[in-house]
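Quick look at my_file.cif (mmCIF, C-alpha atoms and all ligand atoms):
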```cif
data_coords
loop_
_atom_site.label_atom_id
_atom_site.label_comp_id
_atom_site.auth_asym_id
_atom_site.auth_seq_id
_atom_site.Cartn_x
_atom_site.Cartn_y
_atom_site.Cartn_z
CA MET A 581 0.00 0.00 0.00
CA ILE A 582 1.31 3.47 -0.85
CA VAL A 583 0.80 5.85 2.04
CA ALA A 584 1.43 9.60 2.20
CA GLY A 585 2.67 11.00 5.48
CA VAL A 586 2.11 14.72 5.97
CA MET A 587 3.97 16.67 8.60
CA SER A 588 4.10 20.28 9.62
CA GLY A 589 6.16 20.77 12.73
CA THR A 590 6.51 23.39 15.41
CA SER A 591 8.84 25.45 13.19
CA ALA A 592 5.70 26.24 11.15
CA ASP A 593 7.93 26.47 8.10
CA GLY A 594 5.66 24.42 5.90
CA ILE A 595 4.49 20.99 4.86
CA ASN A 596 6.57 17.87 4.32
CA VAL A 597 5.01 15.04 2.34
CA ALA A 598 6.65 11.60 2.27
CA LEU A 599 5.38 8.76 0.12
CA VAL A 600 6.20 5.30 1.42
CA ARG A 601 5.27 1.78 0.47
CA ILE A 602 4.22 -0.34 3.41
CA SER A 603 3.47 -4.00 3.27
CA GLU A 604 2.63 -6.32 6.04
CA ARG A 605 4.42 -9.45 7.05
CA TRP A 606 2.17 -11.42 9.28
CA ARG A 607 1.92 -14.87 10.67
CA GLU A 608 -0.82 -16.75 12.41
CA ALA A 609 0.11 -17.37 16.01
CA ARG A 610 -0.34 -20.95 17.10
CA THR A 611 -1.53 -20.04 20.54
CA GLU A 612 -2.46 -16.66 21.85
CA SER A 613 -0.66 -17.07 25.13
CA LYS A 614 2.65 -17.69 23.44
CA PRO A 615 3.55 -14.73 21.27
CA GLN A 616 5.01 -15.64 17.93
CA LEU A 617 8.43 -14.27 17.27
CA THR A 618 9.21 -12.51 14.04
CA ARG A 619 12.51 -11.45 12.52
CA GLY A 620 14.73 -13.81 14.42
CA ARG A 621 14.64 -13.16 18.12
CA GLU A 622 12.71 -9.91 18.05
CA PRO A 623 9.17 -9.90 19.37
CA ALA A 624 6.41 -8.51 17.18
CA LEU A 625 5.82 -4.82 17.69
CA SER A 626 2.12 -5.00 18.14
CA LEU A 627 0.14 -7.64 19.89
CA PRO A 628 -3.54 -6.83 19.41
CA LYS A 629 -5.72 -8.32 22.07
CA GLY A 630 -7.95 -11.12 20.96
CA ARG A 631 -6.48 -11.31 17.48
CA PRO A 632 -4.20 -14.27 16.93
CA ARG A 633 -2.09 -12.36 14.47
CA HIS A 634 1.25 -10.65 14.76
CA THR A 635 2.43 -8.21 12.19
CA VAL A 636 5.60 -6.41 11.34
CA PRO A 637 5.09 -3.67 8.80
CA GLU A 638 7.73 -3.50 6.10
CA PHE A 639 8.60 -0.06 5.07
CA LYS A 640 10.10 1.39 1.91
CA PHE A 641 10.69 5.10 1.43
CA LEU A 642 9.68 6.28 -2.05
CA SER A 643 9.83 10.05 -2.29
CA HIS A 644 9.53 13.34 -0.49
CA ALA A 645 8.49 16.90 -1.27
CA GLU A 646 8.37 20.06 0.77
CA TYR A 647 5.94 22.98 0.46
CA PRO A 648 6.68 26.14 2.44
CA TYR A 649 3.65 27.81 3.97
CA PRO A 650 2.78 31.08 2.24
CA LYS A 651 4.14 33.96 4.35
CA ASP A 652 0.78 35.10 5.68
CA VAL A 653 -0.20 31.54 6.61
CA ARG A 654 3.04 31.09 8.55
CA ARG A 655 2.48 34.38 10.33
CA THR A 656 -1.08 33.38 11.25
CA VAL A 657 -0.03 29.93 12.46
CA LEU A 658 2.77 31.37 14.62
CA ALA A 659 0.43 34.03 16.00
CA ALA A 660 -2.16 31.37 16.89
CA MET A 661 0.51 29.25 18.64
CA ASN A 662 1.83 32.12 20.68
CA SER A 663 -1.48 33.77 21.36
CA ARG A 664 -3.28 34.04 24.64
CA ARG A 665 -6.28 35.53 22.87
CA ALA A 666 -7.03 34.02 19.51
CA SER A 667 -10.27 34.46 17.61
CA VAL A 668 -12.28 31.24 17.70
CA ALA A 669 -13.61 31.97 14.22
CA ASP A 670 -10.09 32.35 12.86
CA LEU A 671 -9.00 29.09 14.50
CA ALA A 672 -11.92 27.28 12.88
CA ARG A 673 -10.98 28.83 9.53
CA LEU A 674 -7.34 27.88 10.00
CA ASN A 675 -8.39 24.26 10.63
CA PHE A 676 -10.09 24.11 7.23
CA LEU A 677 -7.53 26.24 5.40
CA LEU A 678 -4.59 24.08 6.51
CA ALA A 679 -6.51 20.98 5.42
CA GLU A 680 -6.85 22.46 1.92
CA LEU A 681 -3.10 23.13 1.85
CA TYR A 682 -2.30 19.61 3.08
CA ALA A 683 -4.57 18.11 0.42
CA GLU A 684 -2.96 20.23 -2.31
CA ALA A 685 0.47 19.15 -1.08
CA VAL A 686 -0.47 15.45 -1.30
CA LEU A 687 -2.02 15.87 -4.74
CA ALA A 688 1.02 17.77 -6.02
CA THR A 689 3.37 15.11 -4.67
CA GLN A 690 1.38 12.34 -6.34
CA ARG A 691 1.53 14.14 -9.66
CA ARG A 692 5.21 14.90 -9.35
CA PHE A 693 6.27 11.32 -8.68
CA HIS A 694 3.56 9.60 -10.74
CA LEU A 695 2.33 7.62 -7.77
CA LYS A 696 -1.17 7.05 -6.46
CA VAL A 697 -1.68 7.28 -2.75
CA GLU A 698 -4.13 4.90 -1.04
CA LEU A 699 -4.04 6.30 2.47
CA VAL A 700 -2.93 9.56 4.09
CA GLY A 701 -1.56 10.09 7.59
CA CYS A 702 -1.61 13.77 8.46
CA HIS A 703 -0.10 14.99 11.70
CA GLY A 704 -1.60 18.49 11.37
CA GLN A 705 -0.25 21.66 12.86
CA THR A 706 0.10 21.68 16.62
CA LEU A 707 -1.40 24.84 18.03
CA TYR A 708 -1.07 23.80 21.64
CA HIS A 709 0.53 20.90 23.45
CA GLN A 710 0.71 20.39 27.16
CA GLY A 711 1.86 16.87 27.87
CA LYS A 712 1.88 17.16 31.63
CA ALA A 713 -1.40 17.57 33.46
CA SER A 714 -2.25 20.86 35.14
CA THR A 715 -5.43 22.01 36.83
CA PHE A 716 -8.17 23.58 34.74
CA LEU A 717 -11.63 24.28 36.18
CA GLY A 718 -10.84 21.98 39.08
CA ARG A 719 -9.61 19.05 37.00
CA LYS A 720 -6.12 17.90 36.18
CA LEU A 721 -5.79 17.72 32.42
CA ALA A 722 -3.06 17.09 29.87
CA VAL A 723 -4.16 18.45 26.50
CA THR A 724 -3.10 18.74 22.89
CA TRP A 725 -4.48 20.23 19.70
CA GLN A 726 -3.48 19.60 16.10
CA THR A 727 -5.38 21.37 13.32
CA GLY A 728 -5.97 20.38 9.69
CA GLU A 729 -9.40 18.87 9.19
CA GLY A 730 -9.13 15.24 8.04
CA ALA A 731 -12.55 15.18 6.38
CA ILE A 732 -11.48 17.94 3.98
CA ILE A 733 -8.25 16.18 3.08
CA ALA A 734 -10.10 12.90 2.51
CA ALA A 735 -12.65 14.59 0.25
CA ARG A 736 -10.02 16.40 -1.81
CA VAL A 737 -7.54 13.55 -2.18
CA GLY A 738 -10.23 10.86 -2.46
CA VAL A 739 -8.68 8.38 -0.02
CA PRO A 740 -9.09 7.75 3.72
CA VAL A 741 -7.15 10.01 6.03
CA VAL A 742 -5.88 9.34 9.53
CA CYS A 743 -5.21 12.44 11.58
CA ASP A 744 -5.20 13.63 15.19
CA PHE A 745 -2.74 11.00 16.40
CA ARG A 746 -1.81 12.34 19.81
CA PRO A 747 -5.02 12.32 21.91
CA ALA A 748 -5.37 8.52 22.03
CA ASP A 749 -1.99 8.22 23.72
CA MET A 750 -2.96 10.92 26.21
CA ALA A 751 -6.22 9.13 26.89
CA ALA A 752 -4.06 6.14 27.82
CA GLY A 753 -2.16 8.28 30.32
CA GLY A 754 0.73 9.28 28.04
CA GLN A 755 2.10 12.68 27.13
CA GLY A 756 1.04 12.30 23.49
CA ALA A 757 4.63 12.63 22.31
CA PRO A 758 7.03 11.63 20.96
CA LEU A 759 5.38 9.34 18.41
CA VAL A 760 8.22 9.01 15.91
CA PRO A 761 10.09 6.42 18.06
CA PHE A 762 7.82 3.74 16.59
CA LEU A 763 9.44 4.36 13.21
CA ASP A 764 12.88 4.73 14.77
CA TYR A 765 12.57 1.36 16.43
CA LEU A 766 11.43 -0.31 13.24
CA LEU A 767 14.09 1.23 11.00
CA TYR A 768 17.17 1.74 13.11
CA ARG A 769 17.37 -1.10 15.61
CA ASP A 770 20.55 -3.03 15.16
CA LYS A 771 21.94 -6.22 16.63
CA ARG A 772 25.40 -4.82 17.33
CA ALA A 773 25.27 -1.04 17.66
CA GLY A 774 23.32 1.06 20.12
CA ARG A 775 21.94 4.02 18.18
CA VAL A 776 20.65 7.42 19.13
CA VAL A 777 18.24 8.82 16.56
CA GLN A 778 17.98 12.57 16.95
CA ASN A 779 15.46 14.74 15.14
CA ILE A 780 16.11 18.47 15.13
CA GLY A 781 12.91 20.20 14.11
CA GLY A 782 11.53 23.20 15.96
CA ILE A 783 11.86 21.02 19.03
CA ALA A 784 14.58 18.38 19.28
CA ASN A 785 13.79 14.84 20.30
CA LEU A 786 15.70 11.62 20.48
CA SER A 787 15.11 7.90 20.46
CA ALA A 788 17.85 5.87 22.09
CA ILE A 789 17.78 2.32 20.80
CA PRO A 790 20.16 -0.07 22.55
CA ALA A 791 21.71 -2.95 20.60
CA SER A 792 19.24 -5.83 20.09
CA PRO A 793 16.36 -3.97 21.73
CA SER A 794 12.79 -4.85 22.52
CA PRO A 795 10.26 -2.01 22.06
CA GLU A 796 10.13 -1.39 25.82
CA GLN A 797 13.85 -0.62 25.92
CA VAL A 798 13.58 2.36 23.62
CA VAL A 799 14.10 5.58 25.57
CA ALA A 800 12.66 8.59 23.80
CA PHE A 801 11.92 12.14 24.79
CA ASP A 802 12.15 15.78 23.77
CA THR A 803 15.60 17.11 24.58
CA GLY A 804 14.49 20.75 24.34
CA PRO A 805 14.73 23.32 21.56
CA GLY A 806 15.78 22.24 18.07
CA ASN A 807 15.74 25.19 15.69
CA MET A 808 13.11 27.09 17.60
CA VAL A 809 15.34 29.41 19.59
CA ILE A 810 17.87 29.84 16.77
CA ASP A 811 15.04 30.72 14.36
CA ALA A 812 13.43 33.16 16.77
CA VAL A 813 16.60 35.14 17.54
CA THR A 814 17.55 35.18 13.85
CA GLU A 815 14.11 36.54 12.99
CA ARG A 816 14.27 39.16 15.73
CA LEU A 817 17.79 40.40 15.10
CA PHE A 818 18.21 39.85 11.36
CA GLY A 819 14.64 39.73 10.02
CA LYS A 820 15.29 36.32 8.45
CA PRO A 821 13.25 33.18 9.16
CA TYR A 822 16.34 31.07 9.97
CA ASP A 823 20.13 31.08 10.00
CA ARG A 824 20.70 29.51 6.60
CA ASP A 825 23.66 27.13 6.66
CA GLY A 826 24.62 28.56 10.04
CA ARG A 827 26.26 31.55 8.32
CA ILE A 828 25.37 34.03 11.04
CA ALA A 829 26.44 31.76 13.91
CA ALA A 830 29.70 31.07 12.07
CA SER A 831 30.80 34.67 12.52
CA GLY A 832 29.66 35.03 16.13
CA ALA A 833 31.22 34.15 19.47
CA VAL A 834 29.44 32.00 22.04
CA LEU A 835 28.55 33.68 25.35
CA GLU A 836 29.30 30.78 27.65
CA HIS A 837 27.68 32.30 30.73
CA VAL A 838 24.35 32.61 28.87
CA VAL A 839 24.50 28.98 27.72
CA ALA A 840 25.28 27.84 31.28
CA HIS A 841 22.44 29.94 32.69
CA PHE A 842 19.72 28.57 30.41
CA LEU A 843 20.91 24.97 30.75
CA ARG A 844 19.82 25.28 34.37
CA ALA A 845 16.16 25.66 33.28
CA PRO A 846 13.90 23.17 35.09
CA PHE A 847 12.93 21.43 31.84
CA PHE A 848 16.44 20.01 31.41
CA ARG A 849 16.46 18.49 34.89
CA ARG A 850 13.09 16.81 34.50
CA LYS A 851 13.32 13.08 33.93
CA PRO A 852 11.93 11.55 30.74
CA PRO A 853 9.35 10.92 29.45
CA LYS A 854 8.94 14.61 28.74
CA THR A 855 7.81 16.85 25.94
CA ALA A 856 8.55 20.45 25.02
CA GLY A 857 7.00 23.03 22.74
CA ARG A 858 6.56 26.73 22.23
CA GLU A 859 5.08 26.72 25.71
CA GLU A 860 8.64 26.18 27.07
CA PHE A 861 10.88 27.66 24.38
CA GLY A 862 8.65 30.14 22.58
CA ARG A 863 8.35 33.89 22.65
CA GLU A 864 8.79 34.46 26.40
CA PHE A 865 11.87 32.26 26.61
CA VAL A 866 13.43 34.03 23.64
CA GLN A 867 12.76 37.42 25.18
CA GLU A 868 14.66 36.34 28.29
CA PHE A 869 17.42 34.83 26.20
CA VAL A 870 17.99 38.03 24.23
CA ASN A 871 17.84 40.11 27.42
CA ARG A 872 20.49 37.99 29.07
CA CYS A 873 22.80 38.40 26.09
CA GLY A 874 22.79 42.12 26.98
CA ARG A 875 24.75 44.30 24.59
CA ALA A 876 26.43 41.44 22.77
CA ARG A 877 26.82 41.60 18.99
CA LYS A 878 23.81 40.30 17.10
CA HIS A 879 25.93 37.52 15.58
CA ASP A 880 27.03 36.43 19.04
CA VAL A 881 23.40 36.01 20.13
CA VAL A 882 22.71 33.62 17.24
CA ALA A 883 25.97 31.73 17.91
CA THR A 884 24.97 31.46 21.58
CA ALA A 885 21.49 30.16 20.71
CA THR A 886 23.14 27.56 18.46
CA ALA A 887 25.59 26.47 21.17
CA PHE A 888 22.79 26.34 23.74
CA THR A 889 20.78 24.06 21.44
CA ALA A 890 23.72 21.71 20.81
CA ARG A 891 24.65 21.61 24.48
CA SER A 892 21.08 20.89 25.61
CA ILE A 893 21.01 17.83 23.35
CA VAL A 894 24.34 16.53 24.64
CA HIS A 895 23.38 17.16 28.25
CA ALA A 896 20.20 15.17 27.79
CA LEU A 897 22.28 12.28 26.47
CA GLN A 898 24.74 12.46 29.33
CA ARG A 899 22.07 12.73 31.95
CA PHE A 900 19.49 10.24 30.75
CA VAL A 901 20.89 7.96 28.06
CA VAL A 902 24.58 7.13 27.82
CA ARG A 903 25.76 4.73 30.46
CA GLY A 904 29.43 4.33 29.83
CA ARG A 905 31.38 4.83 26.62
CA GLY A 906 30.42 2.44 23.86
CA SER A 907 26.85 1.68 24.97
CA PHE A 908 25.75 3.82 22.01
CA ARG A 909 27.96 4.23 18.99
CA GLU A 910 25.92 5.98 16.31
CA PHE A 911 24.10 9.28 16.42
CA ILE A 912 21.72 9.62 13.47
CA VAL A 913 20.46 13.14 12.80
CA SER A 914 17.35 14.19 10.91
CA GLY A 915 15.11 17.27 10.64
CA GLY A 916 15.88 20.73 9.29
CA GLY A 917 18.57 21.24 11.94
CA ALA A 918 20.69 18.63 10.15
CA LYS A 919 21.16 21.32 7.47
CA ASN A 920 22.92 23.67 9.89
CA PRO A 921 26.65 22.83 9.74
CA ILE A 922 27.55 24.99 12.74
CA LEU A 923 25.00 23.23 14.93
CA LEU A 924 26.20 19.83 13.70
CA GLY A 925 29.85 20.82 14.19
CA MET A 926 29.16 21.79 17.79
CA LEU A 927 27.30 18.53 18.33
CA ALA A 928 30.05 16.41 16.80
CA TYR A 929 32.65 18.11 19.01
CA GLU A 930 30.66 17.43 22.18
CA LEU A 931 29.66 13.90 21.23
CA ARG A 932 33.15 12.61 20.56
CA PRO A 933 34.04 12.14 24.24
CA LEU A 934 30.88 10.05 24.61
CA GLY A 935 32.07 7.73 21.86
CA LEU A 936 29.29 8.76 19.46
CA GLN A 937 29.77 9.30 15.73
CA ILE A 938 27.37 11.58 13.83
CA HIS A 939 25.55 10.27 10.76
CA SER A 940 22.81 11.79 8.69
CA SER A 941 19.55 9.90 8.37
CA ASP A 942 20.16 10.16 4.59
CA GLU A 943 22.92 7.57 4.98
CA PHE A 944 20.23 5.17 6.17
CA GLY A 945 17.99 5.70 3.16
CA LEU A 946 15.59 8.23 4.66
CA PRO A 947 16.24 11.90 3.77
CA SER A 948 16.61 13.90 6.94
CA GLU A 949 13.78 16.30 6.05
CA ALA A 950 11.39 13.43 5.26
CA LYS A 951 11.67 11.37 8.41
CA GLU A 952 8.86 12.77 10.50
CA ALA A 953 6.45 12.80 7.55
CA ALA A 954 7.38 9.18 6.81
CA ALA A 955 6.68 8.31 10.43
CA PHE A 956 3.09 9.53 10.15
CA ALA A 957 2.58 7.42 7.04
CA LEU A 958 3.60 4.41 9.10
CA LEU A 959 1.41 5.38 12.04
CA ALA A 960 -1.55 5.85 9.69
CA TYR A 961 -0.94 2.40 8.26
CA GLN A 962 -0.97 0.92 11.74
CA THR A 963 -4.22 2.69 12.61
CA TRP A 964 -5.84 1.64 9.33
CA ASN A 965 -5.05 -1.94 10.39
CA ARG A 966 -6.25 -1.35 13.94
CA GLN A 967 -2.78 -1.81 15.30
CA PRO A 968 -1.23 0.27 18.07
CA SER A 969 1.75 2.46 17.29
CA SER A 970 2.67 4.32 20.45
CA LEU A 971 5.58 3.19 22.57
CA PRO A 972 4.65 3.56 26.25
CA SER A 973 8.35 3.75 27.13
CA ALA A 974 8.48 6.96 25.07
CA THR A 975 5.19 8.62 25.98
CA GLY A 976 4.69 7.34 29.50
CA ALA A 977 1.29 5.82 28.64
CA LYS A 978 -0.08 2.83 30.50
CA ARG A 979 -0.51 0.83 27.32
CA PRO A 980 0.09 1.06 23.57
CA ALA A 981 -2.83 2.71 21.77
CA VAL A 982 -4.29 2.66 18.28
CA LEU A 983 -3.69 6.30 17.40
CA GLY A 984 -5.74 8.80 15.43
CA LYS A 985 -9.11 9.36 13.85
CA ILE A 986 -10.13 8.19 10.42
CA SER A 987 -12.01 10.23 7.84
CA TYR A 988 -13.38 8.28 4.87
CA SER A 989 -13.43 9.76 1.40
N1 LIG A 1001 19.94 25.20 5.15
C1 LIG A 1001 19.59 25.33 6.44
N2 LIG A 1001 20.43 25.92 7.31
C2 LIG A 1001 20.11 26.08 8.61
N3 LIG A 1001 18.93 25.69 9.13
C3 LIG A 1001 18.05 25.09 8.32
C4 LIG A 1001 18.32 24.87 6.93
N4 LIG A 1001 17.24 24.24 6.39
C5 LIG A 1001 16.35 24.09 7.39
N5 LIG A 1001 16.80 24.60 8.54
C6 LIG A 1001 16.14 24.67 9.84
O1 LIG A 1001 15.16 23.65 9.92
C7 LIG A 1001 13.92 24.20 10.34
C8 LIG A 1001 12.79 23.36 9.82
O2 LIG A 1001 13.00 22.07 10.29
P1 LIG A 1001 11.84 20.98 10.32
O3 LIG A 1001 12.50 19.66 10.47
O4 LIG A 1001 10.94 21.21 9.16
O5 LIG A 1001 11.13 21.40 11.67
P2 LIG A 1001 9.61 21.18 12.10
O6 LIG A 1001 9.40 19.71 12.13
O7 LIG A 1001 9.53 21.82 13.45
O8 LIG A 1001 8.80 21.89 11.05
C9 LIG A 1001 13.93 25.62 9.83
O9 LIG A 1001 13.06 26.43 10.57
C10 LIG A 1001 15.41 25.98 10.02
O10 LIG A 1001 15.63 26.39 11.34
MG MG A 1002 8.89 21.74 9.07
#
```
When written as C-alpha cells, how does the structure in this file appear?
Amino acid sequence: MIVAGVMSGTSADGINVALVRISERWREARTESKPQLTRGREPALSLPKGRPRHTVPEFKFLSHAEYPYPKDVRRTVLAAMNSRRASVADLARLNFLLAELYAEAVLATQRRFHLKVELVGCHGQTLYHQGKASTFLGRKLAVTWQTGEGAIIAARVGVPVVCDFRPADMAAGGQGAPLVPFLDYLLYRDKRAGRVVQNIGGIANLSAIPASPSPEQVVAFDTGPGNMVIDAVTERLFGKPYDRDGRIAASGAVLEHVVAHFLRAPFFRRKPPKTAGREEFGREFVQEFVNRCGRARKHDVVATATAFTARSIVHALQRFVVRGRGSFREFIVSGGGAKNPILLGMLAYELRPLGLQIHSSDEFGLPSEAKEAAAFALLAYQTWNRQPSSLPSATGAKRPAVLGKISYS
C-alpha cells in the first residue's frame, strides 16, 4: 500500500510530504498465550488483544516533497501558537484552510512522482501541546491540539485520512509525544550497535535504541529546543526566518555564561518521558534569552542560541541515556537542523568524548527532512489496520494505543 505522510512541525515552516510503500508481514500465532516471534529473536511490535495475528510492517521510502507555507499563513499559524487571545472563528478557519493546503500538497506530490496514494496520515499543525497535566476548572488535564481537518483532506484527495494521532496516547495516560520512536525502532534497531536517533525540528527529540532492543527498551523524549530558539533570535535580530547554513552563527562568538544559565532551566532536569514546545521555548523564553545576552553583537546572540541548542542535546544524552562509553555508537540526525553545519559541528565536538559518531539519516535511506512525515505514514498504516503504534516507554502511557481518527473519502 502506498501511504502519504504529511507533517508540519513546530517550526511552522511548511508541509513535508513523504510517500512510502508499506506492506505487512504477518503470521498466524499458534496459541495466543505464546507470542510468535518474528525477525529472528525480536518480538512482534504489536500484539492486538484477541487477534491471533502478529504483524511487522515492512517499510520502503519512495519520495519526499516540501511545500513552504505562504508567508501570511506562517504568520497566522505562529500568531495562533503564541497567542493568549485568539479568535475562535479564525481558528476554525485555520483548521479548514490548513486541510486544503495539506490536500494540495499530497495531490502535487502524487503528480510529481507519478504515484497514487491509497491512504494519508496527516499529523496536522500543533497549536497547543501540554503533555503534563495541570489544573483547569478543578480538573487535572493534559491536553493537545493539532489542526488540519481530516474530512477535507479525505474529500479532496479521495482516499481515507488518519489524523489527530496524539489524543489517544494521552487518553491512555501518556504525554502524546514523541510518536516518531515507533518508526525509529522499526528502521534503526541493530543487533550490534546502540543508536541514538535525533530529530532536530523546531523542538529536538531523540530515540535511544540499545543494541538488540525490545520495544520497551527504547528511551525517547524531547531534549528541548531544536531550531526554535535559533530561528526566533535570527528573525528578531536579522529579520530572516532562519540562519541559513549557520552563516550568522559562524561569525559570532558564544557567550558561555548565557549557555550555562539557560541549561539550568527546570525542563532540562526533568526526567523523561517529557515533551517540550513553544510553551517552554517560545516567545517568552526568547525574550529572556535576548535580554540575558545584553549588549552582545547580534551575531554572538545567534551563535549562543546555536551552542545552547547543541549543548542541551548533549546534556540530555549524558544525563538520561549514555551509560558508559560504547553503549551507544551511532548518532543519526534528521530534521531541518541537520542542514545547519555549525549546529552539527558543535554537536560532533561534544559527542566525541561520549564515543558517538554523527551520521545523517540520509545515509540510512531516509532523507533527513522526510523522516517525520514518513513516520506519520507508518502510524496511519498501523491505525488503518487497527494496530497500536505508540511506545509507552516513550510517551509514559499505561498501554500502547491505536492512534488517530479516520475520515473516509
Ligand atoms: N539550510 C539550512 N540551514 C540552517 N537551518 C536550516 C536549513 N534548512 C532548514 N533549517 C532549519 O530547519 C527548520 C525546519 O526544520 P523541520 O524539520 O521542518 O522542523 P519542524 O518539524 O519543526 O517543522 C527551519 O526552521 C530551520 O531552522
Ligand atoms: Mg517543518
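With all atoms listed in the file as the basis for measurement, A:Val799 is the residue among A:Val799, A:Ala830, A:Ala672, A:Val838 that approaches A:Arg775 most closely.
With distances taken over all atoms listed in the file, A:Gln962 is the one residue among A:Gln962, A:Ser948, A:Thr656, A:Gln755 lying closest to A:Gly701.
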At most 6 Å is the cut-off: for each residue in chain A with any atom that close to an atom of ligand MG 1002 (chain A), write down the nearest atom pair and the distance in Å rounded to one decimal, counting only C-alpha atoms and all ligand atoms, chain first then increasing number, as JSON lines.
```
{"residue": "A:Ser588", "atom": "CA", "partner": "A:MG1002", "partner_atom": "MG", "distance": 5.0}
{"residue": "A:Gly589", "atom": "CA", "partner": "A:MG1002", "partner_atom": "MG", "distance": 4.7}
{"residue": "A:Ser591", "atom": "CA", "partner": "A:MG1002", "partner_atom": "MG", "distance": 5.5}
{"residue": "A:Ala592", "atom": "CA", "partner": "A:MG1002", "partner_atom": "MG", "distance": 5.9}
{"residue": "A:Asp593", "atom": "CA", "partner": "A:MG1002", "partner_atom": "MG", "distance": 4.9}
{"residue": "A:Gly594", "atom": "CA", "partner": "A:MG1002", "partner_atom": "MG", "distance": 5.3}
```
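Residues lying within 12 Å of A:Tyr768, counting only C-alpha atoms and ignoring same-chain neighbours fewer than 5 positions away, are Phe639, Val760, Pro761, Phe762, Leu763, Ala773, Gly774, Arg775, Val776, Val777, Gln778, Ser787, Ala788, Ile789, Pro790, Ala791, Ser792, Pro793, Pro795, Val798, Glu910, Phe911, Ile912, Val913, Ser941, Glu943, Phe944, Gly945 and Leu946 of chain A.
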Take the residues from that selection and put them in a file with C-alpha atoms, as a JSON list (two decimals), in the coordinates of the input.
```
[["chain", "number", "residue", "atom", "x", "y", "z"],
["A", 639, "PHE", "CA", 8.60, -0.06, 5.07],
["A", 760, "VAL", "CA", 8.22, 9.01, 15.91],
["A", 761, "PRO", "CA", 10.09, 6.42, 18.06],
["A", 762, "PHE", "CA", 7.82, 3.74, 16.59],
["A", 763, "LEU", "CA", 9.44, 4.36, 13.21],
["A", 773, "ALA", "CA", 25.27, -1.04, 17.66],
["A", 774, "GLY", "CA", 23.32, 1.06, 20.12],
["A", 775, "ARG", "CA", 21.94, 4.02, 18.18],
["A", 776, "VAL", "CA", 20.65, 7.42, 19.13],
["A", 777, "VAL", "CA", 18.24, 8.82, 16.56],
["A", 778, "GLN", "CA", 17.98, 12.57, 16.95],
["A", 787, "SER", "CA", 15.11, 7.90, 20.46],
["A", 788, "ALA", "CA", 17.85, 5.87, 22.09],
["A", 789, "ILE", "CA", 17.78, 2.32, 20.80],
["A", 790, "PRO", "CA", 20.16, -0.07, 22.55],
["A", 791, "ALA", "CA", 21.71, -2.95, 20.60],
["A", 792, "SER", "CA", 19.24, -5.83, 20.09],
["A", 793, "PRO", "CA", 16.36, -3.97, 21.73],
["A", 795, "PRO", "CA", 10.26, -2.01, 22.06],
["A", 798, "VAL", "CA", 13.58, 2.36, 23.62],
["A", 910, "GLU", "CA", 25.92, 5.98, 16.31],
["A", 911, "PHE", "CA", 24.10, 9.28, 16.42],
["A", 912, "ILE", "CA", 21.72, 9.62, 13.47],
["A", 913, "VAL", "CA", 20.46, 13.14, 12.80],
["A", 941, "SER", "CA", 19.55, 9.90, 8.37],
["A", 943, "GLU", "CA", 22.92, 7.57, 4.98],
["A", 944, "PHE", "CA", 20.23, 5.17, 6.17],
["A", 945, "GLY", "CA", 17.99, 5.70, 3.16],
["A", 946, "LEU", "CA", 15.59, 8.23, 4.66]]
```
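Proximity to ligand LIG 1001 (chain A) was assessed for A:Leu642, A:Leu971, A:Leu924, A:Val902 counting all atoms listed in the file; the smallest distance is recorded for A:Leu924.
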